[in-house]
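Data block for upload_31.cif (mmCIF, C-alpha atoms; chains and numbers go by the auth columns):
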data_model
#
loop_
_atom_site.group_PDB
_atom_site.id
_atom_site.type_symbol
_atom_site.label_atom_id
_atom_site.label_comp_id
_atom_site.label_asym_id
_atom_site.label_seq_id
_atom_site.Cartn_x
_atom_site.Cartn_y
_atom_site.Cartn_z
_atom_site.B_iso_or_equiv
_atom_site.auth_seq_id
_atom_site.auth_asym_id
ATOM 1 C CA MET A 1 0.000 0.000 0.000 0.00 1 A
ATOM 2 C CA SER A 2 1.245 3.476 -0.862 0.00 2 A
ATOM 3 C CA TYR A 3 0.978 6.500 1.414 0.00 3 A
ATOM 4 C CA PRO A 4 1.392 9.766 -0.524 0.00 4 A
ATOM 5 C CA GLY A 5 3.979 12.090 0.962 0.00 5 A
ATOM 6 C CA LEU A 6 5.264 9.504 3.440 0.00 6 A
ATOM 7 C CA ASP A 7 8.418 7.442 2.999 0.00 7 A
ATOM 8 C CA LEU A 8 7.842 4.490 5.341 0.00 8 A
ATOM 9 C CA THR A 9 11.492 3.457 5.090 0.00 9 A
ATOM 10 C CA LYS A 10 12.624 6.764 6.612 0.00 10 A
ATOM 11 C CA SER A 11 9.731 7.457 8.979 0.00 11 A
ATOM 12 C CA ALA A 12 10.147 7.072 12.725 0.00 12 A
ATOM 13 C CA TRP A 13 7.705 4.468 14.081 0.00 13 A
ATOM 14 C CA ILE A 14 6.040 5.169 17.421 0.00 14 A
ATOM 15 C CA VAL A 15 4.673 2.437 19.707 0.00 15 A
ATOM 16 C CA ILE A 16 1.129 3.524 20.558 0.00 16 A
ATOM 17 C CA ALA A 17 0.031 0.441 22.510 0.00 17 A
ATOM 18 C CA THR A 18 1.231 -2.843 23.950 0.00 18 A
ATOM 19 C CA VAL A 19 -1.405 -5.570 23.884 0.00 19 A
ATOM 20 C CA SER A 20 -1.824 -9.338 23.953 0.00 20 A
ATOM 21 C CA PRO A 21 -3.150 -11.497 21.137 0.00 21 A
ATOM 22 C CA PRO A 22 -5.786 -11.459 19.667 0.00 22 A
ATOM 23 C CA ASP A 23 -6.151 -7.746 20.500 0.00 23 A
ATOM 24 C CA ASP A 24 -3.103 -7.024 18.346 0.00 24 A
ATOM 25 C CA VAL A 25 -4.799 -8.193 15.151 0.00 25 A
ATOM 26 C CA VAL A 26 -8.048 -6.395 15.999 0.00 26 A
ATOM 27 C CA LEU A 27 -6.203 -3.150 16.683 0.00 27 A
ATOM 28 C CA LYS A 28 -4.146 -3.496 13.517 0.00 28 A
ATOM 29 C CA SER A 29 -7.311 -3.970 11.451 0.00 29 A
ATOM 30 C CA LEU A 30 -8.978 -0.952 13.057 0.00 30 A
ATOM 31 C CA ILE A 31 -6.018 1.327 12.383 0.00 31 A
ATOM 32 C CA GLN A 32 -5.548 0.071 8.820 0.00 32 A
ATOM 33 C CA SER A 33 -9.239 0.587 8.081 0.00 33 A
ATOM 34 C CA PHE A 34 -8.575 4.333 8.464 0.00 34 A
ATOM 35 C CA GLY A 35 -5.684 4.213 5.989 0.00 35 A
ATOM 36 C CA ILE A 36 -2.950 4.353 8.601 0.00 36 A
ATOM 37 C CA PRO A 37 0.116 2.123 8.170 0.00 37 A
ATOM 38 C CA VAL A 38 0.733 -0.122 11.173 0.00 38 A
ATOM 39 C CA LYS A 39 3.337 -2.653 12.323 0.00 39 A
ATOM 40 C CA LEU A 40 3.017 -5.349 14.964 0.00 40 A
ATOM 41 C CA ILE A 41 6.234 -5.968 16.882 0.00 41 A
ATOM 42 C CA ASN A 42 6.413 -9.026 19.091 0.00 42 A
ATOM 43 C CA GLU A 43 9.079 -10.712 21.141 0.00 43 A
ATOM 44 C CA SER A 44 10.216 -13.508 18.843 0.00 44 A
ATOM 45 C CA ILE A 45 11.012 -15.921 21.675 0.00 45 A
ATOM 46 C CA GLY A 46 7.440 -15.630 22.935 0.00 46 A
ATOM 47 C CA SER A 47 5.995 -16.753 19.607 0.00 47 A
ATOM 48 C CA VAL A 48 8.447 -19.672 19.465 0.00 48 A
ATOM 49 C CA PHE A 49 7.111 -20.976 22.770 0.00 49 A
ATOM 50 C CA GLY A 50 3.508 -20.027 22.028 0.00 50 A
ATOM 51 C CA LEU A 51 3.280 -17.462 24.825 0.00 51 A
ATOM 52 C CA THR A 52 0.365 -15.049 24.524 0.00 52 A
ATOM 53 C CA ILE A 53 0.427 -13.438 27.975 0.00 53 A
ATOM 54 C CA GLY A 54 3.081 -11.690 30.003 0.00 54 A
ATOM 55 C CA PRO A 55 6.079 -9.758 28.712 0.00 55 A
ATOM 56 C CA LEU A 56 7.119 -12.422 26.209 0.00 56 A
ATOM 57 C CA GLY A 57 3.625 -12.604 24.743 0.00 57 A
ATOM 58 C CA ALA A 58 3.100 -8.856 24.469 0.00 58 A
ATOM 59 C CA VAL A 59 2.763 -7.270 21.049 0.00 59 A
ATOM 60 C CA LYS A 60 3.676 -3.634 20.413 0.00 60 A
ATOM 61 C CA VAL A 61 1.505 -1.722 17.950 0.00 61 A
ATOM 62 C CA ALA A 62 3.489 0.930 16.057 0.00 62 A
ATOM 63 C CA VAL A 63 2.548 3.589 13.506 0.00 63 A
ATOM 64 C CA PRO A 64 4.595 6.254 11.710 0.00 64 A
ATOM 65 C CA GLU A 65 5.150 9.310 13.880 0.00 65 A
ATOM 66 C CA ALA A 66 2.980 11.445 11.587 0.00 66 A
ATOM 67 C CA TYR A 67 -0.047 9.229 12.378 0.00 67 A
ATOM 68 C CA ALA A 68 0.552 8.577 16.095 0.00 68 A
ATOM 69 C CA GLU A 69 -1.954 11.057 17.523 0.00 69 A
ATOM 70 C CA GLU A 70 -4.678 10.098 15.049 0.00 70 A
ATOM 71 C CA ALA A 71 -4.188 6.391 15.788 0.00 71 A
ATOM 72 C CA LYS A 72 -4.326 7.008 19.557 0.00 72 A
ATOM 73 C CA GLN A 73 -7.585 8.927 19.138 0.00 73 A
ATOM 74 C CA LEU A 74 -9.058 6.066 17.087 0.00 74 A
ATOM 75 C CA MET A 75 -8.098 3.576 19.796 0.00 75 A
ATOM 76 C CA GLN A 76 -9.603 5.754 22.516 0.00 76 A
ATOM 77 C CA ALA A 77 -12.854 6.223 20.577 0.00 77 A
ATOM 78 C CA GLU A 78 -13.107 2.475 19.990 0.00 78 A
ATOM 79 C CA LEU A 79 -12.442 1.757 23.666 0.00 79 A
ATOM 80 C CA GLU A 80 -15.150 4.198 24.759 0.00 80 A
ATOM 81 C CA LYS A 81 -17.585 2.715 22.248 0.00 81 A
ATOM 82 C CA SER A 82 -16.937 -0.840 23.492 0.00 82 A
ATOM 83 C CA GLU A 83 -17.510 0.213 27.123 0.00 83 A
ATOM 84 C CA LEU A 84 -21.078 1.333 26.379 0.00 84 A
#

For the file at hand, write its structure as structure tokens.
Amino acid sequence: MSYPGLDLTKSAWIVIATVSPPDDVVLKSLIQSFGIPVKLINESIGSVFGLTIGPLGAVKVAVPEAYAEEAKQLMQAELEKSEL
């Protein structure tokens, strides 16, 4: 996917959340649905052992710095909506 005016190879990526599976995939889908690039960063040793909780099972959700605030607002709005 192409993002006009943004070179993803040179952009600083900001971790906006640390979650456990399957929340990582849900969050990634939400952010991507608004046209925001997103990366999931997990501890490789955790996936080798099948850990999905605790520090080794945690997944960091990162977006380019230019989209960090927008992505955080989307997450907050979704969280508030799910609490209703």

Original post:
Of the residues A:Pro21, A:Ala62, A:Leu27, A:Leu8, which is the one nearest to Leu40 (chain A), using all atoms listed in the file?
Top reply: A:Ala62

Subject >> Long-range neighbours of Gln32 (chain A) as a VMD selection string, 12 Å cut-off, only C-alpha atoms, 4 positions minimum in chain >> reply: chain A and resid 1 3 25 to 28 36 to 40 61 to 63 67 70 to 71 74 to 75

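Take CA of Glu78 (chain A) and CA of Asn42 (chain A): the distance between them is 22.7 Å.
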
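Residue selection for this entry, given the PyMOL selection byres ((chain A and resi 66) around 9), comprises A:Leu6, A:Ser11, A:Ala12, A:Trp13, A:Val63, A:Pro64, A:Glu65, A:Tyr67, A:Ala68, A:Glu69, A:Glu70.
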
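Counting only C-alpha atoms, the residue from A:Leu79, A:Ile41, A:Asp7, A:Gln73 that sits nearest to Asp24 (chain A) is A:Ile41.
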
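Taking CA of Leu30 (chain A) as the reference point, CA of Lys60 (chain A) is found at 14.9 Å.
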
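Minimum atom-to-atom distance to Gln76 (chain A), evaluated using only C-alpha atoms, belongs to A:Ala17 out of A:Ala17, A:Gly35, A:Ser29, A:Lys10.
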